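Text of work04.cif (mmCIF, C-alpha atoms and all ligand atoms) as supplied:
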```
data_input
loop_
_atom_site.group_PDB
_atom_site.id
_atom_site.type_symbol
_atom_site.label_atom_id
_atom_site.label_comp_id
_atom_site.auth_asym_id
_atom_site.auth_seq_id
_atom_site.Cartn_x
_atom_site.Cartn_y
_atom_site.Cartn_z
ATOM 1 C CA MET A 38 87.531 95.771 90.810
ATOM 2 C CA THR A 39 83.844 96.253 91.350
ATOM 3 C CA GLU A 40 82.838 94.329 88.264
ATOM 4 C CA THR A 41 84.894 91.305 89.245
ATOM 5 C CA SER A 42 82.425 90.233 91.849
ATOM 6 C CA THR A 43 80.596 88.662 88.934
ATOM 7 C CA ALA A 44 83.320 88.417 86.267
ATOM 8 C CA SER A 45 86.635 86.531 86.308
ATOM 9 C CA PHE A 46 89.808 88.600 86.116
ATOM 10 C CA PRO A 47 90.421 87.878 82.372
ATOM 11 C CA GLU A 48 86.776 88.816 81.644
ATOM 12 C CA TYR A 49 87.111 92.014 83.641
ATOM 13 C CA VAL A 50 90.334 92.906 81.810
ATOM 14 C CA ALA A 51 88.832 92.201 78.376
ATOM 15 C CA GLY A 52 85.659 94.185 79.142
ATOM 16 C CA THR A 53 87.583 97.123 80.571
ATOM 17 C CA ALA A 54 90.107 97.149 77.713
ATOM 18 C CA ALA A 55 87.187 97.242 75.255
ATOM 19 C CA ARG A 56 85.655 100.253 77.057
ATOM 20 C CA VAL A 57 89.031 102.023 77.046
ATOM 21 C CA ALA A 58 89.356 101.340 73.302
ATOM 22 C CA GLU A 59 85.879 102.846 72.718
ATOM 23 C CA ALA A 60 86.787 105.972 74.676
ATOM 24 C CA LEU A 61 90.108 106.298 72.802
ATOM 25 C CA ASP A 62 88.237 105.916 69.538
ATOM 26 C CA SER A 63 85.865 108.697 70.493
ATOM 27 C CA TYR A 64 88.655 111.060 71.670
ATOM 28 C CA THR A 65 90.401 110.664 68.314
ATOM 29 C CA GLN A 66 87.445 111.562 66.098
ATOM 30 C CA LEU A 67 89.294 114.751 65.208
ATOM 31 C CA PRO A 68 87.855 117.840 63.500
ATOM 32 C CA PRO A 69 88.613 118.580 59.806
ATOM 33 C CA ASP A 70 91.461 120.951 60.707
ATOM 34 C CA CYS A 71 93.487 117.885 61.654
ATOM 35 C CA PRO A 72 95.001 116.528 58.417
ATOM 36 C CA ALA A 73 93.461 113.166 57.520
ATOM 37 C CA ARG A 74 96.797 111.332 57.309
ATOM 38 C CA LEU A 75 97.917 112.638 60.694
ATOM 39 C CA CYS A 76 94.627 111.525 62.222
ATOM 40 C CA GLU A 77 95.100 108.115 60.620
ATOM 41 C CA ALA A 78 98.638 107.775 62.015
ATOM 42 C CA ILE A 79 97.462 108.773 65.512
ATOM 43 C CA ARG A 80 94.642 106.249 65.443
ATOM 44 C CA TYR A 81 96.796 103.532 63.849
ATOM 45 C CA SER A 82 99.130 103.498 66.851
ATOM 46 C CA LEU A 83 96.746 104.407 69.646
ATOM 47 C CA LEU A 84 94.011 101.951 68.701
ATOM 48 C CA ALA A 85 96.406 99.063 67.938
ATOM 49 C CA PRO A 86 95.839 96.097 70.258
ATOM 50 C CA GLY A 87 97.989 96.939 73.283
ATOM 51 C CA LYS A 88 97.497 95.421 76.722
ATOM 52 C CA ARG A 89 96.059 98.723 78.109
ATOM 53 C CA LEU A 90 97.962 98.060 81.314
ATOM 54 C CA ARG A 91 98.204 101.728 82.310
ATOM 55 C CA PRO A 92 94.511 102.553 81.751
ATOM 56 C CA LEU A 93 93.610 99.399 83.704
ATOM 57 C CA LEU A 94 95.745 100.610 86.574
ATOM 58 C CA VAL A 95 94.049 104.037 86.560
ATOM 59 C CA LEU A 96 90.593 102.465 86.644
ATOM 60 C CA MET A 97 91.448 99.762 89.179
ATOM 61 C CA ALA A 98 93.157 102.223 91.517
ATOM 62 C CA ALA A 99 90.088 104.486 91.365
ATOM 63 C CA GLU A 100 87.715 101.589 92.055
ATOM 64 C CA THR A 101 89.911 100.237 94.857
ATOM 65 C CA CYS A 102 89.611 103.618 96.552
ATOM 66 C CA GLY A 103 85.821 103.711 96.202
ATOM 67 C CA GLY A 104 85.703 105.912 93.084
ATOM 68 C CA ASN A 105 83.966 105.082 89.830
ATOM 69 C CA ALA A 106 85.550 103.978 86.589
ATOM 70 C CA GLU A 107 83.590 106.428 84.444
ATOM 71 C CA ALA A 108 85.029 109.467 86.232
ATOM 72 C CA ALA A 109 88.535 108.033 85.823
ATOM 73 C CA MET A 110 88.169 107.122 82.105
ATOM 74 C CA PRO A 111 89.598 110.444 80.782
ATOM 75 C CA ALA A 112 92.724 109.888 82.897
ATOM 76 C CA ALA A 113 92.922 106.268 81.699
ATOM 77 C CA CYS A 114 92.861 107.529 78.101
ATOM 78 C CA ALA A 115 95.382 110.301 78.799
ATOM 79 C CA VAL A 116 98.009 107.893 80.178
ATOM 80 C CA GLU A 117 97.494 105.559 77.202
ATOM 81 C CA MET A 118 97.999 108.527 74.838
ATOM 82 C CA VAL A 119 101.311 109.410 76.488
ATOM 83 C CA HIS A 120 102.314 105.747 76.421
ATOM 84 C CA ALA A 121 101.422 105.432 72.705
ATOM 85 C CA TYR A 122 103.447 108.575 71.910
ATOM 86 C CA SER A 123 106.454 107.115 73.761
ATOM 87 C CA LEU A 124 106.208 103.851 71.828
ATOM 88 C CA ILE A 125 105.980 105.642 68.456
ATOM 89 C CA HIS A 126 109.048 107.747 69.230
ATOM 90 C CA ASP A 127 110.923 104.823 70.805
ATOM 91 C CA ASP A 128 110.487 102.810 67.589
ATOM 92 C CA LEU A 129 111.977 105.520 65.347
ATOM 93 C CA PRO A 130 115.263 104.800 63.542
ATOM 94 C CA CYS A 131 117.007 107.467 65.666
ATOM 95 C CA MET A 132 115.997 105.589 68.844
ATOM 96 C CA ASP A 133 115.382 101.820 68.997
ATOM 97 C CA ASP A 134 114.726 101.426 65.267
ATOM 98 C CA ASP A 135 111.962 98.835 65.421
ATOM 99 C CA ASP A 136 109.806 97.544 62.573
ATOM 100 C CA LEU A 137 107.131 95.770 64.582
ATOM 101 C CA ARG A 138 104.923 96.926 67.443
ATOM 102 C CA ARG A 139 101.716 95.426 68.798
ATOM 103 C CA GLY A 140 101.914 92.847 66.029
ATOM 104 C CA ARG A 141 101.900 95.458 63.269
ATOM 105 C CA PRO A 142 104.464 97.482 61.312
ATOM 106 C CA THR A 143 105.564 100.468 63.398
ATOM 107 C CA CYS A 144 104.055 103.896 62.782
ATOM 108 C CA HIS A 145 107.060 105.250 60.844
ATOM 109 C CA LYS A 146 107.122 102.144 58.623
ATOM 110 C CA VAL A 147 103.573 102.895 57.512
ATOM 111 C CA TYR A 148 103.412 106.707 57.597
ATOM 112 C CA GLY A 149 107.066 107.758 57.327
ATOM 113 C CA GLU A 150 109.329 109.195 60.013
ATOM 114 C CA ALA A 151 108.125 112.794 59.918
ATOM 115 C CA MET A 152 104.466 111.817 60.259
ATOM 116 C CA ALA A 153 105.327 109.383 63.081
ATOM 117 C CA VAL A 154 107.110 112.159 64.999
ATOM 118 C CA LEU A 155 104.054 114.375 64.534
ATOM 119 C CA ALA A 156 101.609 111.626 65.556
ATOM 120 C CA GLY A 157 103.626 111.205 68.771
ATOM 121 C CA ASP A 158 103.667 114.968 69.356
ATOM 122 C CA ALA A 159 99.908 115.113 68.811
ATOM 123 C CA LEU A 160 99.219 112.253 71.249
ATOM 124 C CA LEU A 161 101.342 113.846 73.959
ATOM 125 C CA THR A 162 99.480 117.133 73.578
ATOM 126 C CA MET A 163 96.057 115.513 73.364
ATOM 127 C CA ALA A 164 96.637 113.691 76.648
ATOM 128 C CA PHE A 165 96.673 117.020 78.475
ATOM 129 C CA GLU A 166 93.664 118.306 76.538
ATOM 130 C CA VAL A 167 91.703 115.198 77.558
ATOM 131 C CA LEU A 168 92.736 115.503 81.201
ATOM 132 C CA SER A 169 92.163 119.221 81.578
ATOM 133 C CA GLY A 170 88.895 119.175 79.632
ATOM 134 C CA ASN A 171 87.244 116.148 81.209
ATOM 135 C CA VAL A 172 88.418 115.510 84.760
ATOM 136 C CA ARG A 173 86.262 117.189 87.379
ATOM 137 C CA PRO A 174 86.569 119.218 89.543
ATOM 138 C CA ALA A 175 89.048 121.543 87.820
ATOM 139 C CA ARG A 176 91.398 121.465 90.811
ATOM 140 C CA VAL A 177 91.781 117.681 90.523
ATOM 141 C CA ALA A 178 92.253 118.046 86.742
ATOM 142 C CA ALA A 179 95.090 120.534 87.329
ATOM 143 C CA ASP A 180 96.737 118.211 89.859
ATOM 144 C CA CYS A 181 96.433 115.298 87.413
ATOM 145 C CA CYS A 182 98.052 117.388 84.651
ATOM 146 C CA LEU A 183 100.938 118.260 86.952
ATOM 147 C CA GLU A 184 101.529 114.629 87.941
ATOM 148 C CA LEU A 185 101.320 113.371 84.358
ATOM 149 C CA ALA A 186 103.651 116.128 83.105
ATOM 150 C CA ARG A 187 106.212 115.139 85.750
ATOM 151 C CA ALA A 188 105.947 111.441 84.905
ATOM 152 C CA ALA A 189 106.345 112.089 81.173
ATOM 153 C CA GLY A 190 109.006 114.748 81.529
ATOM 154 C CA PRO A 191 112.793 115.096 81.563
ATOM 155 C CA SER A 192 113.262 113.746 85.074
ATOM 156 C CA ALA A 193 111.132 110.676 84.412
ATOM 157 C CA LEU A 194 110.067 109.060 81.088
ATOM 158 C CA VAL A 195 112.159 111.242 78.768
ATOM 159 C CA GLY A 196 115.146 111.247 81.148
ATOM 160 C CA GLY A 197 115.004 107.461 81.593
ATOM 161 C CA GLN A 198 114.916 107.038 77.823
ATOM 162 C CA ALA A 199 117.900 109.375 77.394
ATOM 163 C CA ASP A 200 119.937 107.441 79.967
ATOM 164 C CA ASP A 201 118.876 104.139 78.442
ATOM 165 C CA LEU A 202 120.022 105.238 74.976
ATOM 166 C CA GLU A 203 123.358 106.422 76.334
ATOM 167 C CA GLY A 204 123.659 103.244 78.391
ATOM 168 C CA ILE A 205 124.297 101.053 75.370
ATOM 169 C CA ASN A 206 127.677 99.510 76.213
ATOM 170 C CA GLY A 207 127.717 101.725 79.283
ATOM 171 C CA LEU A 208 128.593 101.002 82.884
ATOM 172 C CA ALA A 209 126.861 97.803 84.052
ATOM 173 C CA ASP A 210 125.483 98.374 87.493
ATOM 174 C CA ILE A 211 122.187 97.310 89.091
ATOM 175 C CA GLY A 212 121.618 100.701 90.776
ATOM 176 C CA ARG A 213 121.963 102.458 87.445
ATOM 177 C CA LEU A 214 119.680 99.983 85.708
ATOM 178 C CA GLU A 215 116.973 100.387 88.355
ATOM 179 C CA ALA A 216 117.301 104.179 88.167
ATOM 180 C CA ILE A 217 116.736 104.081 84.397
ATOM 181 C CA HIS A 218 113.676 101.889 84.691
ATOM 182 C CA ARG A 219 112.184 103.724 87.648
ATOM 183 C CA ARG A 220 111.909 106.638 85.216
ATOM 184 C CA LYS A 221 111.479 104.991 81.805
ATOM 185 C CA THR A 222 108.887 102.356 82.713
ATOM 186 C CA GLY A 223 108.069 102.869 86.387
ATOM 187 C CA ALA A 224 107.032 106.525 86.316
ATOM 188 C CA MET A 225 104.143 105.974 83.865
ATOM 189 C CA ILE A 226 102.919 102.944 85.796
ATOM 190 C CA GLN A 227 103.166 104.805 89.078
ATOM 191 C CA VAL A 228 101.371 107.883 87.743
ATOM 192 C CA SER A 229 98.554 105.754 86.337
ATOM 193 C CA ILE A 230 97.808 104.464 89.824
ATOM 194 C CA ARG A 231 98.252 107.925 91.333
ATOM 195 C CA LEU A 232 95.754 109.549 88.923
ATOM 196 C CA GLY A 233 93.144 106.891 89.699
ATOM 197 C CA ALA A 234 93.623 107.502 93.412
ATOM 198 C CA MET A 235 93.451 111.286 92.991
ATOM 199 C CA ILE A 236 90.214 111.125 91.008
ATOM 200 C CA ALA A 237 88.682 108.808 93.629
ATOM 201 C CA ARG A 238 89.751 111.250 96.374
ATOM 202 C CA ALA A 239 91.682 108.457 98.090
ATOM 203 C CA SER A 240 92.673 108.768 101.722
ATOM 204 C CA ARG A 241 96.292 109.242 102.750
ATOM 205 C CA ARG A 242 96.418 105.589 103.866
ATOM 206 C CA GLN A 243 95.092 104.356 100.514
ATOM 207 C CA ARG A 244 97.515 106.571 98.596
ATOM 208 C CA SER A 245 100.483 105.390 100.568
ATOM 209 C CA ALA A 246 99.621 101.700 99.995
ATOM 210 C CA LEU A 247 99.144 102.371 96.281
ATOM 211 C CA GLU A 248 102.458 104.238 96.012
ATOM 212 C CA LYS A 249 104.276 101.177 97.342
ATOM 213 C CA TYR A 250 102.289 98.880 95.074
ATOM 214 C CA GLY A 251 103.039 101.043 92.009
ATOM 215 C CA GLN A 252 106.746 101.241 92.709
ATOM 216 C CA ARG A 253 107.069 97.453 93.061
ATOM 217 C CA ILE A 254 104.853 96.632 90.076
ATOM 218 C CA GLY A 255 106.671 99.125 87.835
ATOM 219 C CA LEU A 256 110.010 97.467 88.432
ATOM 220 C CA ALA A 257 108.607 93.924 88.288
ATOM 221 C CA PHE A 258 106.984 94.776 84.925
ATOM 222 C CA GLN A 259 110.322 95.933 83.522
ATOM 223 C CA ILE A 260 112.117 92.816 84.754
ATOM 224 C CA THR A 261 109.534 90.580 83.092
ATOM 225 C CA ASP A 262 109.827 92.741 79.963
ATOM 226 C CA ASP A 263 113.573 92.019 79.900
ATOM 227 C CA LEU A 264 112.927 88.313 80.555
ATOM 228 C CA LEU A 265 110.449 88.168 77.662
ATOM 229 C CA ASP A 266 113.064 89.745 75.397
ATOM 230 C CA VAL A 267 115.365 86.821 76.278
ATOM 231 C CA GLY A 268 112.917 83.925 76.200
ATOM 232 C CA GLY A 269 109.589 85.241 74.935
ATOM 233 C CA ASP A 270 107.568 84.177 71.910
ATOM 234 C CA GLU A 271 107.682 86.848 69.200
ATOM 235 C CA LYS A 272 104.191 86.028 67.987
ATOM 236 C CA ALA A 273 102.673 86.580 71.431
ATOM 237 C CA LEU A 274 104.868 89.638 72.028
ATOM 238 C CA GLY A 275 103.903 91.289 68.745
ATOM 239 C CA LYS A 276 107.465 92.596 68.450
ATOM 240 C CA ARG A 277 110.917 91.214 67.808
ATOM 241 C CA ALA A 278 112.618 89.475 70.759
ATOM 242 C CA GLY A 279 116.352 89.305 71.476
ATOM 243 C CA LYS A 280 117.025 92.918 70.552
ATOM 244 C CA ASP A 281 118.408 93.952 73.942
ATOM 245 C CA ALA A 282 121.283 91.480 73.798
ATOM 246 C CA GLU A 283 121.936 92.288 70.127
ATOM 247 C CA ARG A 284 122.426 95.918 71.067
ATOM 248 C CA GLY A 285 124.452 95.268 74.200
ATOM 249 C CA LYS A 286 121.704 96.895 76.285
ATOM 250 C CA LEU A 287 121.839 96.898 80.042
ATOM 251 C CA THR A 288 119.127 94.451 81.201
ATOM 252 C CA PHE A 289 118.177 92.558 84.373
ATOM 253 C CA PRO A 290 118.871 89.051 82.966
ATOM 254 C CA GLY A 291 122.094 90.398 81.445
ATOM 255 C CA LEU A 292 123.270 91.652 84.824
ATOM 256 C CA LEU A 293 121.731 89.158 87.243
ATOM 257 C CA GLY A 294 120.998 86.090 85.125
ATOM 258 C CA VAL A 295 117.544 84.722 84.321
ATOM 259 C CA GLU A 296 116.975 82.891 87.627
ATOM 260 C CA GLU A 297 117.906 85.804 89.873
ATOM 261 C CA SER A 298 115.889 88.235 87.728
ATOM 262 C CA ARG A 299 112.844 85.997 88.043
ATOM 263 C CA ARG A 300 113.376 85.745 91.814
ATOM 264 C CA ARG A 301 113.613 89.528 92.079
ATOM 265 C CA ALA A 302 110.388 90.014 90.086
ATOM 266 C CA GLU A 303 108.618 87.522 92.385
ATOM 267 C CA GLN A 304 109.855 89.319 95.462
ATOM 268 C CA LEU A 305 108.649 92.675 94.111
ATOM 269 C CA VAL A 306 105.221 91.233 93.315
ATOM 270 C CA ASN A 307 104.980 89.790 96.833
ATOM 271 C CA GLU A 308 105.808 93.224 98.252
ATOM 272 C CA ALA A 309 103.160 94.805 96.007
ATOM 273 C CA LEU A 310 100.595 92.265 97.244
ATOM 274 C CA ALA A 311 101.498 92.963 100.864
ATOM 275 C CA ALA A 312 101.104 96.705 100.301
ATOM 276 C CA VAL A 313 97.534 96.451 98.996
ATOM 277 C CA ALA A 314 96.464 93.670 101.367
ATOM 278 C CA THR A 315 95.709 96.468 103.838
ATOM 279 C CA LEU A 316 93.046 97.862 101.470
ATOM 280 C CA GLY A 317 90.680 94.919 101.812
ATOM 281 C CA PRO A 318 88.668 93.005 99.194
ATOM 282 C CA GLN A 319 88.355 96.106 96.980
ATOM 283 C CA ALA A 320 92.005 95.544 96.032
ATOM 284 C CA GLU A 321 91.440 92.088 94.531
ATOM 285 C CA GLY A 322 91.780 93.413 90.969
ATOM 286 C CA LEU A 323 95.134 95.035 91.708
ATOM 287 C CA GLU A 324 96.232 91.794 93.373
ATOM 288 C CA ALA A 325 95.255 89.721 90.332
ATOM 289 C CA LEU A 326 97.047 92.180 88.077
ATOM 290 C CA ALA A 327 100.222 91.971 90.167
ATOM 291 C CA ARG A 328 100.217 88.170 89.892
ATOM 292 C CA HIS A 329 99.599 88.448 86.173
ATOM 293 C CA VAL A 330 102.820 90.470 85.742
ATOM 294 C CA LEU A 331 104.762 87.301 86.617
ATOM 295 C CA GLU A 332 102.750 85.046 84.327
ATOM 296 C CA ARG A 333 102.441 87.286 81.286
ATOM 297 C CA ASN A 334 103.682 86.150 77.873
ATOM 298 C CA HIS A 335 103.359 89.566 76.197
HETATM 299 C C1 LIG A 401 110.560 107.992 73.438
HETATM 300 C C2 LIG A 401 110.244 109.478 75.450
HETATM 301 C C3 LIG A 401 110.347 108.145 74.877
HETATM 302 C C4 LIG A 401 110.251 107.087 75.708
HETATM 303 C C5 LIG A 401 110.240 105.687 75.287
HETATM 304 C C6 LIG A 401 108.091 103.305 76.270
HETATM 305 C C7 LIG A 401 109.544 103.483 76.091
HETATM 306 C C8 LIG A 401 110.178 104.773 76.488
HETATM 307 C C9 LIG A 401 110.262 102.525 75.501
HETATM 308 C C10 LIG A 401 109.659 101.264 75.005
HETATM 309 C C11 LIG A 401 110.671 100.187 75.079
HETATM 310 C C12 LIG A 401 110.443 99.268 76.199
HETATM 311 C C13 LIG A 401 110.523 97.834 75.851
HETATM 312 C C14 LIG A 401 110.215 99.716 77.419
HETATM 313 C C15 LIG A 401 110.059 98.840 78.593
HETATM 314 C C16 LIG A 401 108.676 98.507 79.048
HETATM 315 C C17 LIG A 401 107.612 99.031 78.199
HETATM 316 C C18 LIG A 401 107.260 100.451 78.369
HETATM 317 C C19 LIG A 401 107.014 98.194 77.354
HETATM 318 C C20 LIG A 401 105.911 98.565 76.495
HETATM 319 O O1 LIG A 401 104.736 98.656 77.241
HETATM 320 P P1 LIG A 401 103.605 97.537 77.174
HETATM 321 O O2 LIG A 401 104.239 96.170 77.251
HETATM 322 O O3 LIG A 401 103.098 97.759 75.678
HETATM 323 O O4 LIG A 401 102.571 97.871 78.173
HETATM 324 P P2 LIG A 401 101.609 97.663 75.073
HETATM 325 O O5 LIG A 401 101.836 97.647 73.582
HETATM 326 O O6 LIG A 401 100.966 96.396 75.555
HETATM 327 O O7 LIG A 401 100.884 98.895 75.527
#
```

As structure tokens - that is how I would like this structure written.
Amino acid sequence: MTETSTASFPEYVAGTAARVAEALDSYTQLPPDCPARLCEAIRYSLLAPGKRLRPLLVLMAAETCGGNAEAAMPAACAVEMVHAYSLIHDDLPCMDDDDLRRGRPTCHKVYGEAMAVLAGDALLTMAFEVLSGNVRPARVAADCCLELARAAGPSALVGGQADDLEGINGLADIGRLEAIHRRKTGAMIQVSIRLGAMIARASRRQRSALEKYGQRIGLAFQITDDLLDVGGDEKALGKRAGKDAERGKLTFPGLLGVEESRRRAEQLVNEALAAVATLGPQAEGLEALARHVLERNH
């Protein structure tokens, strides 16, 4: 977190999120061949006020490894595009059927289901255009595309979502729950950190510390997501709470109880902190972010 030597963590996060939003805005100034309403739907969801957690992880991982944030910005935008696509599709009536996302009506509520499907498709495709066209050198761009495709694909994000959907009223088992979330939530968090490290040409030692960090943070983030669904404030969340229980979804508090879930999240964050402690003061941003996962209210 190079800029945190002068700025506090919340200031760093706000400044970085604003720069990510500017870059996303510029990547979605689409040519006239893109129908105006499709462009609007893409921008409506992508530019909505999300936390930009995944882009932050790309940029912080790059900076922790001695790289610069500007070179990693295309990758930061690409992961946010894939994330935005997954949220649009997740909210559809055929999936989680949600009306509210990031404090606004969901994409299909505003633009209709067909246009929401297409906006998601477009964002997924654009992510790879942004990566392949802007990351340098080309060899690193190709490696980034491969990693992102794996993280978004059938053995990770899409597979985790499929298992999660089928898991409604399914077998309640902690191993199964962790396996779903390692793919549905964890893979995109892990790949964000990996892309930042790849662009910064991180050493093997740095990569291995970041892999551990990413794995722990991914799971801790999901546990706190489940906890917020139980006890979170809908206004802060920008989406409806209590839906998991309503649908009989397999969740950490549902399986382990609130106290044990909280304890597990704390333990994971401590392990994440221990992993990056070996990387020195450069890792202070990642450390602050790990602590924030436990304190977040949205
Ligand atoms: C449709 C292929 C496909 C996948 C959907 C993203 C996802 C998988 C489901 C969303 C439902 C959910 C609550 C997932 C758990 C954690 C998660 C990904 C939360 C949303 O991410 P945040 O909190 O959202 O980073 P913002 O809006 O801040 O970017």

* Neighbours of Pro130 of chain A within 12 Å (only C-alpha atoms; same-chain residues fewer than 3 positions away dropped), as a ChimeraX atom specification? -> /A:125-127,133-136,143-146,149-151,153-154

Take the residues just selected and output them with C-alpha atoms as a PDB file, keeping the file's coordinate frame.
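Saved to out.pdb:
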```
ATOM      1  CA  ILE A 125     105.980 105.642  68.456  1.00  0.00           C
ATOM      2  CA  HIS A 126     109.048 107.747  69.230  1.00  0.00           C
ATOM      3  CA  ASP A 127     110.923 104.823  70.805  1.00  0.00           C
ATOM      4  CA  ASP A 133     115.382 101.820  68.997  1.00  0.00           C
ATOM      5  CA  ASP A 134     114.726 101.426  65.267  1.00  0.00           C
ATOM      6  CA  ASP A 135     111.962  98.835  65.421  1.00  0.00           C
ATOM      7  CA  ASP A 136     109.806  97.544  62.573  1.00  0.00           C
ATOM      8  CA  THR A 143     105.564 100.468  63.398  1.00  0.00           C
ATOM      9  CA  CYS A 144     104.055 103.896  62.782  1.00  0.00           C
ATOM     10  CA  HIS A 145     107.060 105.250  60.844  1.00  0.00           C
ATOM     11  CA  LYS A 146     107.122 102.144  58.623  1.00  0.00           C
ATOM     12  CA  GLY A 149     107.066 107.758  57.327  1.00  0.00           C
ATOM     13  CA  GLU A 150     109.329 109.195  60.013  1.00  0.00           C
ATOM     14  CA  ALA A 151     108.125 112.794  59.918  1.00  0.00           C
ATOM     15  CA  ALA A 153     105.327 109.383  63.081  1.00  0.00           C
ATOM     16  CA  VAL A 154     107.110 112.159  64.999  1.00  0.00           C
TER      17      VAL A 154
END
```

* **Nearby residues, ligand LIG 401 (chain A), 7 Å, only C-alpha atoms and all ligand atoms, as a list in words** => Gly87, Lys88, Arg89, Leu90, His120, Ser123, Leu124, His126, Asp127, Arg138, Arg139, Leu194, Val195, Gln198, Lys221, Thr222, Gln259, Asp262 and His335 of chain A

* To do: Fewer than 6 positions away in the same chain doesn't count, so skip those; otherwise give me all residues within 9 Å of Leu214 of chain A, counting all atoms listed in the file, as a list in words.
  => Asp201, Gly204, Leu287, Thr288 and Phe289 of chain A

* Which value, in Å to one decimal, gives the distance between atom CA of Asp128 of chain A and atom CA of Arg220 of chain A? ->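 Interatomic distance, atom CA of Asp128 of chain A to atom CA of Arg220 of chain A: 18.1 Å.
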
* Check the smallest atom-to-atom distance from each of A:Thr261, A:Asp266, A:Val313, A:Ala237 to Arg301 of chain A using all atoms listed in the file, then report the winner. => A:Thr261

* Considering only C-alpha atoms, return as a list of chain:residue names whatever protein or nucleic-acid residues lie within 10 Å of segment 53-63 of chain A, sequence-local ones (same chain, fewer than 6 positions apart) excluded. =>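 The filter keeps A:Glu40, A:Pro47, A:Arg80, A:Leu83, A:Leu84, A:Ala85, A:Pro86, A:Gly87, A:Lys88, A:Arg89, A:Leu90, A:Pro92, A:Leu93, A:Leu96, A:Met97, A:Ala106, A:Glu107, A:Met110, A:Pro111, A:Ala113, A:Cys114, A:Ala115, A:Glu117, A:Met118.
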
* To do: Could you state which residues are captured by the PyMOL selection byres (((chain A and resi 323) around 9) and not hetatm) in this file, as a ChimeraX atom specification?
  => /A:38,94,97-98,101,250,310,313,319-322,324-328

* Asked: What is the distance between atom CA of Ile236 of chain A and atom CA of Cys181 of chain A, in Å to one decimal?
  -> 8.3 Å

* To do: Could you tell me which of A:Arg277, A:Ser298, A:Arg141, A:Leu75 comes closest to Ile211 of chain A if we count only C-alpha atoms?
  =>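 Selected residue with least distance to Ile211 of chain A: A:Ser298.
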
* Would you write out, as an NGL selection string, every residue that the PyMOL selection byres (((chain A and resi 184) around 10) and not hetatm) captures in this file? => :A and (178-183 or 185-190 or 224-225 or 228-229 or 231-232)

* Name the residues that the PyMOL selection byres (((chain A and resi 303-308) around 7) and not hetatm) picks from the file above, as an MDAnalysis selection string, using the file's chain letters and numbers. => chainID A and resid 253:254 257 299:302 309:312 327:328 331

* Asked: If you measure from atom CA of Leu155 of chain A to atom CA of Ile79 of chain A, what distance in Å do you get, rounded to one decimal?
  ->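 Between these atoms lies a distance of 8.7 Å.
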
* From the set A:Asp263, A:Ala239, A:Thr315, A:Arg284, which residue has the shortest atom-to-atom contact distance to Gly103 of chain A, counting all atoms listed in the file? ->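 Closest candidate: A:Ala239.
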
Since the input is missing atoms for segment 237-248 of chain A, could you rebuild it with N, CA and C atoms and give the result as a PDB file, in the frame of the given file?
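The resulting file, rebuild.pdb, is reproduced below:
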```
ATOM      1  N   ALA A 237      89.593 109.435  92.650  1.00  0.00           N
ATOM      2  CA  ALA A 237      88.682 108.808  93.629  1.00  0.00           C
ATOM      3  C   ALA A 237      88.769 109.493  94.990  1.00  0.00           C
ATOM      4  N   ARG A 238      89.559 110.550  95.086  1.00  0.00           N
ATOM      5  CA  ARG A 238      89.751 111.250  96.374  1.00  0.00           C
ATOM      6  C   ARG A 238      90.165 110.262  97.467  1.00  0.00           C
ATOM      7  N   ALA A 239      91.210 109.488  97.154  1.00  0.00           N
ATOM      8  CA  ALA A 239      91.682 108.457  98.090  1.00  0.00           C
ATOM      9  C   ALA A 239      92.219 109.081  99.371  1.00  0.00           C
ATOM     10  N   SER A 240      92.137 108.301 100.441  1.00  0.00           N
ATOM     11  CA  SER A 240      92.673 108.768 101.722  1.00  0.00           C
ATOM     12  C   SER A 240      94.206 108.668 101.689  1.00  0.00           C
ATOM     13  N   ARG A 241      94.835 109.295 102.655  1.00  0.00           N
ATOM     14  CA  ARG A 241      96.292 109.242 102.750  1.00  0.00           C
ATOM     15  C   ARG A 241      96.781 107.782 102.870  1.00  0.00           C
ATOM     16  N   ARG A 242      96.045 106.988 103.661  1.00  0.00           N
ATOM     17  CA  ARG A 242      96.418 105.589 103.866  1.00  0.00           C
ATOM     18  C   ARG A 242      96.328 104.804 102.547  1.00  0.00           C
ATOM     19  N   GLN A 243      95.245 105.047 101.796  1.00  0.00           N
ATOM     20  CA  GLN A 243      95.092 104.356 100.514  1.00  0.00           C
ATOM     21  C   GLN A 243      96.208 104.771  99.546  1.00  0.00           C
ATOM     22  N   ARG A 244      96.484 106.085  99.512  1.00  0.00           N
ATOM     23  CA  ARG A 244      97.515 106.571  98.596  1.00  0.00           C
ATOM     24  C   ARG A 244      98.870 105.971  98.906  1.00  0.00           C
ATOM     25  N   SER A 245      99.161 105.887 100.202  1.00  0.00           N
ATOM     26  CA  SER A 245     100.483 105.390 100.568  1.00  0.00           C
ATOM     27  C   SER A 245     100.630 103.911 100.208  1.00  0.00           C
ATOM     28  N   ALA A 246      99.567 103.119 100.396  1.00  0.00           N
ATOM     29  CA  ALA A 246      99.621 101.700  99.995  1.00  0.00           C
ATOM     30  C   ALA A 246      99.801 101.592  98.477  1.00  0.00           C
ATOM     31  N   LEU A 247      99.071 102.441  97.744  1.00  0.00           N
ATOM     32  CA  LEU A 247      99.144 102.371  96.281  1.00  0.00           C
ATOM     33  C   LEU A 247     100.502 102.832  95.750  1.00  0.00           C
ATOM     34  N   GLU A 248     101.121 103.792  96.430  1.00  0.00           N
ATOM     35  CA  GLU A 248     102.458 104.238  96.012  1.00  0.00           C
ATOM     36  C   GLU A 248     103.438 103.068  96.072  1.00  0.00           C
TER      37      GLU A 248
END
```
